[in-house]
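**Q** Supplied structure: model_30.txt, compact mmCIF, C-alpha atoms.
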# COMPACT_ATOMS: atom_id res chain seq x y z
CA MET A 1 77.42 87.49 105.16
CA LYS A 2 79.30 90.75 104.50
CA LYS A 3 77.89 94.07 105.70
CA ILE A 4 78.03 97.08 103.37
CA LEU A 5 77.16 100.69 104.19
CA ILE A 6 76.33 102.82 101.14
CA THR A 7 76.20 106.62 101.37
CA GLY A 8 74.45 108.45 98.56
CA PHE A 9 72.19 105.41 98.49
CA SER A 10 69.39 106.98 96.43
CA GLY A 11 71.60 107.74 93.42
CA PHE A 12 71.76 105.71 90.24
CA VAL A 13 75.22 104.24 90.99
CA SER A 14 73.91 102.70 94.19
CA ALA A 15 70.87 101.27 92.40
CA HIS A 16 73.15 99.57 89.87
CA TYR A 17 75.45 98.30 92.62
CA LEU A 18 72.51 96.60 94.35
CA HIS A 19 71.50 95.03 91.04
CA TYR A 20 75.10 93.87 90.52
CA LEU A 21 75.21 92.17 93.92
CA GLU A 22 71.84 90.50 93.40
CA LYS A 23 72.64 89.39 89.85
CA ASN A 24 75.93 87.85 90.98
CA LYS A 25 74.27 86.14 93.97
CA ILE A 26 76.50 87.93 96.47
CA GLN A 27 74.81 87.67 99.85
CA CYS A 28 75.08 90.95 101.76
CA GLU A 29 73.45 92.93 104.51
CA ILE A 30 73.20 96.55 103.41
CA ILE A 31 72.32 99.85 105.03
CA GLY A 32 71.83 102.84 102.77
CA ILE A 33 72.03 106.48 103.86
CA ASP A 34 70.74 109.45 101.89
CA VAL A 35 68.96 112.78 102.39
CA ASN A 36 66.39 111.68 99.80
CA ARG A 37 64.35 108.51 99.63
CA PRO A 38 65.26 106.27 96.68
CA ASP A 39 62.85 106.09 93.75
CA PHE A 40 63.89 102.49 93.04
CA LYS A 41 62.74 99.31 94.75
CA PHE A 42 65.23 97.53 96.99
CA SER A 43 63.15 95.19 99.13
CA ASN A 44 62.33 92.44 96.63
CA THR A 45 65.73 90.73 96.65
CA LYS A 46 66.80 87.15 97.22
CA TYR A 47 70.44 87.61 98.21
CA LEU A 48 70.38 91.07 99.81
CA GLU A 49 68.98 92.30 103.09
CA VAL A 50 68.60 96.04 102.57
CA ASN A 51 67.58 98.80 104.96
CA PHE A 52 67.46 102.53 104.38
CA ASN A 53 68.06 105.46 106.74
CA LYS A 54 67.01 108.94 105.68
CA TYR A 55 69.26 111.61 107.12
CA ASP A 56 72.00 114.07 106.25
CA LEU A 57 75.64 113.07 106.63
CA LEU A 58 76.21 116.50 108.12
CA GLU A 59 74.53 115.04 111.22
CA SER A 60 77.38 113.17 112.92
CA GLU A 61 75.21 111.82 115.74
CA ASN A 62 73.03 109.82 113.34
CA ILE A 63 76.05 108.45 111.49
CA GLU A 64 77.60 107.31 114.75
CA LYS A 65 74.46 105.48 115.86
CA THR A 66 74.19 103.68 112.52
CA LEU A 67 77.83 102.65 112.26
CA PHE A 68 78.13 101.63 115.90
CA SER A 69 75.18 99.25 115.67
CA PHE A 70 75.83 98.01 112.11
CA GLN A 71 79.63 97.57 112.14
CA PRO A 72 80.06 97.37 108.35
CA ASP A 73 82.81 95.40 106.63
CA TYR A 74 82.74 97.82 103.67
CA VAL A 75 81.70 101.45 103.22
CA LEU A 76 80.94 102.65 99.68
CA HIS A 77 81.05 106.44 99.89
CA LEU A 78 79.00 107.73 96.95
CA ALA A 79 77.38 110.74 98.65
CA SER A 80 78.37 114.01 97.00
CA TYR A 81 77.24 117.01 95.02
CA SER A 82 78.50 115.32 91.89
CA SER A 83 77.61 117.85 89.19
CA VAL A 84 80.49 119.97 87.88
CA ALA A 85 77.95 122.45 86.48
CA TYR A 86 76.33 122.77 89.92
CA SER A 87 79.71 123.47 91.50
CA TRP A 88 80.20 126.46 89.19
CA LYS A 89 76.80 127.86 90.22
CA ASN A 90 77.22 127.07 93.93
CA PRO A 91 80.96 126.74 94.65
CA SER A 92 80.75 127.25 98.41
CA LEU A 93 77.84 124.88 98.98
CA SER A 94 79.34 122.22 96.71
CA PHE A 95 82.75 122.35 98.37
CA GLN A 96 81.54 122.50 101.97
CA ASN A 97 79.09 119.65 101.63
CA ASN A 98 81.44 117.33 99.76
CA ILE A 99 84.24 117.82 102.27
CA ILE A 100 82.31 118.03 105.54
CA ILE A 101 80.20 114.92 104.92
CA PHE A 102 83.36 112.96 104.16
CA LEU A 103 85.16 114.31 107.20
CA ASN A 104 82.18 113.49 109.44
CA LEU A 105 82.08 109.97 108.06
CA MET A 106 85.81 109.39 108.57
CA GLU A 107 85.72 110.67 112.15
CA VAL A 108 82.89 108.32 113.07
CA ILE A 109 84.60 105.37 111.37
CA ARG A 110 87.82 106.14 113.24
CA LYS A 111 85.93 106.05 116.54
CA VAL A 112 83.44 103.19 116.21
CA CYS A 113 84.42 100.85 113.34
CA PRO A 114 88.09 101.42 112.43
CA LEU A 115 88.54 97.96 110.87
CA CYS A 116 86.11 98.42 107.98
CA ARG A 117 87.30 99.00 104.40
CA ILE A 118 86.25 102.23 102.67
CA LEU A 119 86.02 103.06 98.99
CA SER A 120 86.46 106.82 98.64
CA VAL A 121 85.07 107.71 95.22
CA GLY A 122 86.84 110.61 93.53
CA SER A 123 86.75 112.07 90.03
CA SER A 124 88.74 112.55 86.85
CA GLU A 125 88.04 116.27 87.39
CA GLU A 126 90.92 116.18 89.85
CA TYR A 127 93.43 116.01 86.99
CA GLY A 128 92.52 119.23 85.19
CA ASN A 129 93.72 119.80 81.63
CA TYR A 130 96.35 117.68 79.94
CA THR A 131 97.62 117.99 76.38
CA GLN A 132 97.01 115.29 73.79
CA ASN A 133 100.57 114.00 74.00
CA MET A 134 100.07 113.25 77.73
CA LEU A 135 97.03 111.04 77.22
CA PRO A 136 95.86 108.67 78.54
CA ILE A 137 96.02 110.14 82.04
CA LYS A 138 97.71 107.92 84.62
CA GLU A 139 97.36 107.89 88.38
CA GLU A 140 100.85 109.27 88.98
CA TYR A 141 100.11 112.48 87.04
CA PRO A 142 100.01 115.71 89.10
CA LEU A 143 96.55 116.96 90.06
CA ASN A 144 95.49 120.39 88.81
CA PRO A 145 91.70 120.75 89.12
CA VAL A 146 90.03 123.58 87.19
CA SER A 147 86.53 123.46 88.72
CA PRO A 148 85.20 123.90 92.28
CA TYR A 149 84.01 120.30 92.15
CA GLY A 150 87.49 119.11 91.14
CA VAL A 151 89.07 121.01 94.03
CA ALA A 152 86.60 119.42 96.47
CA ARG A 153 87.44 115.95 95.18
CA VAL A 154 91.18 116.56 95.54
CA SER A 155 90.54 117.70 99.12
CA GLN A 156 88.58 114.51 99.81
CA GLU A 157 91.44 112.46 98.42
CA GLN A 158 93.98 114.26 100.58
CA LEU A 159 91.83 113.70 103.66
CA SER A 160 91.60 110.01 102.73
CA LYS A 161 95.36 109.76 102.72
CA VAL A 162 95.57 111.52 106.09
CA TYR A 163 93.18 109.00 107.65
CA CYS A 164 94.85 106.09 105.89
CA ASN A 165 98.42 107.02 106.82
CA GLY A 166 97.79 108.85 110.09
CA PHE A 167 95.04 106.71 111.63
CA ASN A 168 95.64 103.42 109.78
CA ILE A 169 92.13 103.42 108.29
CA ASP A 170 91.74 101.04 105.32
CA ILE A 171 90.82 103.34 102.42
CA ILE A 172 90.96 102.66 98.70
CA LEU A 173 90.62 105.68 96.42
CA THR A 174 89.21 106.06 92.94
CA ARG A 175 89.34 108.76 90.34
CA SER A 176 86.21 107.81 88.46
CA PHE A 177 85.73 109.16 84.96
CA ASN A 178 82.36 110.03 83.39
CA HIS A 179 79.93 107.20 83.91
CA ILE A 180 76.65 106.87 82.10
CA GLY A 181 73.73 104.48 82.02
CA PRO A 182 69.98 104.03 82.41
CA GLY A 183 68.53 105.84 85.40
CA GLN A 184 70.97 108.75 85.44
CA LYS A 185 69.40 112.15 86.11
CA ASP A 186 69.07 114.56 83.22
CA VAL A 187 71.33 117.15 84.91
CA PHE A 188 74.18 115.09 83.41
CA VAL A 189 75.00 115.72 79.77
CA ILE A 190 74.45 112.33 78.10
CA SER A 191 71.21 111.63 79.93
CA SER A 192 70.00 115.16 79.16
CA LEU A 193 70.76 114.83 75.46
CA ALA A 194 69.14 111.40 75.24
CA LYS A 195 66.00 112.70 76.94
CA GLN A 196 65.75 115.66 74.56
CA LEU A 197 66.25 113.45 71.52
CA VAL A 198 63.71 110.85 72.66
CA LYS A 199 61.20 113.68 73.11
CA ILE A 200 61.83 114.77 69.53
CA LYS A 201 61.43 111.19 68.27
CA LYS A 202 58.14 110.77 70.15
CA GLY A 203 56.80 114.12 68.95
CA ILE A 204 56.71 115.57 72.47
CA GLU A 205 59.03 118.30 71.24
CA LYS A 206 57.72 119.82 68.01
CA GLU A 207 61.00 121.43 66.96
CA ASN A 208 64.03 119.32 66.06
CA THR A 209 66.40 121.61 67.94
CA ILE A 210 68.36 120.70 71.04
CA ARG A 211 70.25 123.00 73.40
CA THR A 212 73.76 121.97 74.37
CA GLY A 213 76.99 123.25 75.80
CA ASP A 214 80.35 122.69 74.09
CA ILE A 215 79.96 119.59 71.89
CA THR A 216 83.66 119.44 70.99
CA ILE A 217 84.76 118.31 74.47
CA VAL A 218 85.99 114.72 74.71
CA ARG A 219 85.27 112.49 77.68
CA ASP A 220 86.06 108.94 78.73
CA PHE A 221 82.54 107.53 79.12
CA LEU A 222 82.08 104.26 81.00
CA ASP A 223 78.86 102.37 81.63
CA VAL A 224 77.75 102.50 85.27
CA ARG A 225 77.39 98.70 85.27
CA ASP A 226 81.10 98.41 84.51
CA VAL A 227 81.78 101.06 87.17
CA VAL A 228 80.09 99.11 89.97
CA ASP A 229 81.90 95.95 88.84
CA ALA A 230 85.17 97.87 89.28
CA TYR A 231 84.10 99.14 92.72
CA HIS A 232 83.28 95.67 93.97
CA LYS A 233 86.53 94.25 92.65
CA LEU A 234 88.42 97.07 94.37
CA PHE A 235 86.79 96.11 97.65
CA GLN A 236 88.12 92.60 97.12
CA HIS A 237 91.55 93.28 95.64
CA GLY A 238 92.41 96.99 95.96
CA LYS A 239 95.45 98.06 97.97
CA SER A 240 94.87 100.37 100.92
CA GLY A 241 96.03 103.93 100.28
CA GLU A 242 96.27 103.42 96.51
CA VAL A 243 94.40 105.45 93.87
CA TYR A 244 92.78 103.77 90.85
CA ASN A 245 91.39 105.32 87.68
CA VAL A 246 87.97 103.87 86.90
CA CYS A 247 87.60 104.53 83.19
CA GLY A 248 87.11 102.96 79.80
CA GLY A 249 90.41 104.08 78.28
CA MET A 250 88.92 105.73 75.20
CA GLY A 251 87.58 109.20 74.45
CA THR A 252 84.40 110.26 72.66
CA SER A 253 83.23 113.80 71.92
CA ILE A 254 79.73 115.01 72.70
CA GLU A 255 79.32 115.59 68.97
CA GLU A 256 80.03 111.90 68.29
CA ILE A 257 77.57 110.89 71.01
CA LEU A 258 74.90 112.98 69.32
CA LYS A 259 75.57 111.28 65.99
CA ILE A 260 75.25 107.81 67.56
CA ILE A 261 71.99 108.63 69.37
CA THR A 262 70.37 110.33 66.36
CA GLY A 263 71.44 107.34 64.27
CA ILE A 264 69.79 104.92 66.71
CA LEU A 265 66.60 107.03 66.75
CA ASN A 266 66.77 107.76 63.00
CA ILE A 267 66.15 111.49 63.37
CA ASP A 268 67.73 114.69 62.09
CA ILE A 269 68.33 117.59 64.47
CA ASP A 270 69.58 121.15 64.69
CA ILE A 271 72.01 122.01 67.46
CA GLU A 272 71.84 125.27 69.39
CA ILE A 273 74.78 126.15 71.62
CA ASP A 274 73.44 127.58 74.87
CA LYS A 275 75.90 129.97 76.55
CA GLU A 276 74.28 129.17 79.90
CA LEU A 277 75.49 125.58 79.52
CA LEU A 278 79.11 126.53 78.80
CA ARG A 279 81.42 126.10 81.80
CA PRO A 280 84.32 128.43 82.61
CA ASN A 281 87.72 126.87 81.85
CA ASP A 282 86.24 123.45 81.03
CA ASN A 283 88.54 120.47 80.54
CA LYS A 284 88.74 119.89 76.77
CA VAL A 285 89.89 116.27 76.62
CA ILE A 286 89.83 113.70 79.42
CA ILE A 287 90.90 110.13 78.66
CA GLY A 288 92.23 107.84 81.35
CA SER A 289 94.41 104.77 81.64
CA ASN A 290 92.77 101.81 83.38
CA GLU A 291 95.93 99.69 83.32
CA LYS A 292 96.46 99.82 87.11
CA LEU A 293 92.83 98.84 87.78
CA GLN A 294 93.06 95.90 85.39
CA GLN A 295 96.38 94.66 86.75
CA THR A 296 95.24 94.87 90.38
CA THR A 297 91.72 93.45 90.11
CA GLY A 298 91.40 91.67 86.76
CA TRP A 299 88.58 94.07 85.82
CA GLN A 300 87.68 94.44 82.15
CA ARG A 301 85.27 96.76 80.39
CA LYS A 302 82.30 94.72 79.16
CA ILE A 303 79.65 97.12 77.88
CA PRO A 304 80.33 99.02 74.63
CA LEU A 305 79.34 102.67 74.31
CA LYS A 306 76.55 102.04 71.79
CA GLN A 307 74.86 99.55 74.11
CA SER A 308 75.01 102.09 76.93
CA LEU A 309 73.35 104.69 74.72
CA GLU A 310 70.70 102.24 73.54
CA ASP A 311 69.87 101.41 77.16
CA ILE A 312 69.69 105.09 78.12
CA ILE A 313 67.31 105.71 75.19
CA ALA A 314 65.15 102.78 76.30
CA PHE A 315 65.07 104.17 79.85
CA TRP A 316 63.84 107.59 78.72
CA ASP A 317 61.40 106.08 76.24
CA GLU A 318 59.74 104.13 79.05
CA LYS A 319 59.91 106.98 81.59
CA LEU A 320 58.39 109.52 79.22
CA ILE A 321 55.49 107.16 78.48
CA LYS A 322 54.75 106.96 82.22
CA GLU A 323 54.96 110.74 82.57
Would you mind writing the file's structure down as structure tokens?
**A**
Amino acid sequence: MKKILITGFSGFVSAHYLHYLEKNKIQCEIIGIDVNRPDFKFSNTKYLEVNFNKYDLLESENIEKTLFSFQPDYVLHLASYSSVAYSWKNPSLSFQNNIIIFLNLMEVIRKVCPLCRILSVGSSEEYGNYTQNMLPIKEEYPLNPVSPYGVARVSQEQLSKVYCNGFNIDIILTRSFNHIGPGQKDVFVISSLAKQLVKIKKGIEKENTIRTGDITIVRDFLDVRDVVDAYHKLFQHGKSGEVYNVCGGMGTSIEEILKIITGILNIDIDIEIDKELLRPNDNKVIIGSNEKLQQTTGWQRKIPLKQSLEDIIAFWDEKLIKE
């Protein structure tokens, strides 16, 4: 039975990864670490033995105790301040936490379990802006981040390479593009829009007006269930020290997303651009190439965008009833 340590355990990616393992009958012993307790159930599983530790990854002593006793085969490093918008409001806090928690984790791994395999999750924000003729973005493209979050992710990637090449730690790196799905917090754009629109449909919001940032930006949206499939396949087949785009390979604007969701809900809306939601120097178009990921692991995208949006709508419909 393989042992997997998951940082950022209480987030929605982790929840979907647990479901993926259980659904595919992959027997694992898992320890999750997070500063917050998860709001999802993880004990009623047939194939997984899951335990949770609540502490901050800034506390190296706790990490060392956990890793020394557990000796994981795999470490899925999801813990981060993952909101680009948050990084613009709190650049210092976002950067320091993202880098220091990763550095603490790598130092402990180097000391007490140097043979485990780590998946260091990065972001498409590392690339910065590329013109249309350069799309889709490939892994060999130069990195030019334009947000504090993007800079932090590039720093994490560079540290990964230092530990991989300098200390012979087995690290696989991703640059993960925008992932969406049921359970995502409404601080992220697609989940936020879906929540607002479901409220309008249910009559919770009396006015048919939603507040958004720039709806012309184009992103490469990938369902979180396809994301965790890619992560697991990278654990199995990824090459140490290599970087892999985790993306769908197609771009969709926020405006198009709004049209699809309003079509599903059969509502008409007015759109109000909120200057508070506009980001300085935002990337206009981000579309990635997943060719390297496919060739290395055999991964294929399975969930179409409309299904993702339907499932997000269903999630908010149910959650708002309970609230």
**Q** Which residues of range 91-126 of chain A sit at most 7 Å from range 145-158 of chain A, using all atoms listed in the file? Give each one's shortest atom pair and distance in Å (one decimal place), in chain and ascending residue order, as a Markdown table.
**A**
| residue | atom | partner | partner_atom | distance |
| --- | --- | --- | --- | --- |
| A:Pro91 | CA | A:Pro148 | CA | 5.6 |
| A:Ser94 | CA | A:Tyr149 | CA | 6.8 |
| A:Phe95 | CA | A:Ala152 | CA | 5.2 |
| A:Asn98 | CA | A:Ala152 | CA | 6.5 |
| A:Ile99 | CA | A:Gln156 | CA | 6.0 |
| A:Phe102 | CA | A:Gln156 | CA | 7.0 |
| A:Gly122 | CA | A:Arg153 | CA | 5.6 |
| A:Ser123 | CA | A:Arg153 | CA | 6.5 |
| A:Glu125 | CA | A:Gly150 | CA | 4.7 |
| A:Glu126 | CA | A:Gly150 | CA | 4.7 |
**Q** I'd like to know which of A:His179, A:Lys206, A:Lys306, A:Lys2 is closest to Lys259 in chain A, using all atoms listed in the file.
**A**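 So, comparing all the options, the nearest one is A:Lys306.
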**Q** From the set A:Tyr127, A:Phe40, A:Tyr141, A:Phe167, which residue has the shortest atom-to-atom contact distance to Asn283 in chain A, counting all atoms listed in the file?
**A**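 Smallest separation from Asn283 in chain A among the options: A:Tyr127.
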**Q** Find, counting only C-alpha atoms, the residue in A:Ile313, A:Ile303, A:Cys28, A:Met1 that gets nearest to Val227 in chain A.
**A**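 Going through A:Ile313, A:Ile303, A:Cys28, A:Met1 one by one, the smallest distance to Val227 in chain A is for A:Ile303.
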**Q** Would you kindly return, as number ranges by chain, each protein, DNA or RNA residue with an atom no farther than 10 Å from any atom of Gln132 in chain A, considering only C-alpha atoms and excluding same-chain residues fewer than 6 positions away?
**A** A: 284-287
**Q** Under the rule of at most 12 Å, produce a per-residue listing of range 140-214 of chain A near range 232-239 of chain A: chain, number, name, the closest pair of atoms, and the distance in Å, as JSON lines, using all atoms listed in the file.
**A**
{"residue": "A:Cys164", "atom": "CA", "partner": "A:Lys239", "partner_atom": "CA", "distance": 11.3}
{"residue": "A:Asp170", "atom": "CA", "partner": "A:Lys239", "partner_atom": "CA", "distance": 8.8}
{"residue": "A:Ile171", "atom": "CA", "partner": "A:Lys239", "partner_atom": "CA", "distance": 8.3}
{"residue": "A:Ile172", "atom": "CA", "partner": "A:Gly238", "partner_atom": "CA", "distance": 6.5}
{"residue": "A:Leu173", "atom": "CA", "partner": "A:Gly238", "partner_atom": "CA", "distance": 8.9}
{"residue": "A:Thr174", "atom": "CA", "partner": "A:Leu234", "partner_atom": "CA", "distance": 9.1}
**Q** Which residue gives the smallest distance to Ile269 in chain A among A:Gln196, A:Gln307, A:Gln27, A:Ser43, with all atoms listed in the file counted?
**A**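 Looking only at the distances to Ile269 in chain A, the closest residue turns out to be A:Gln196.
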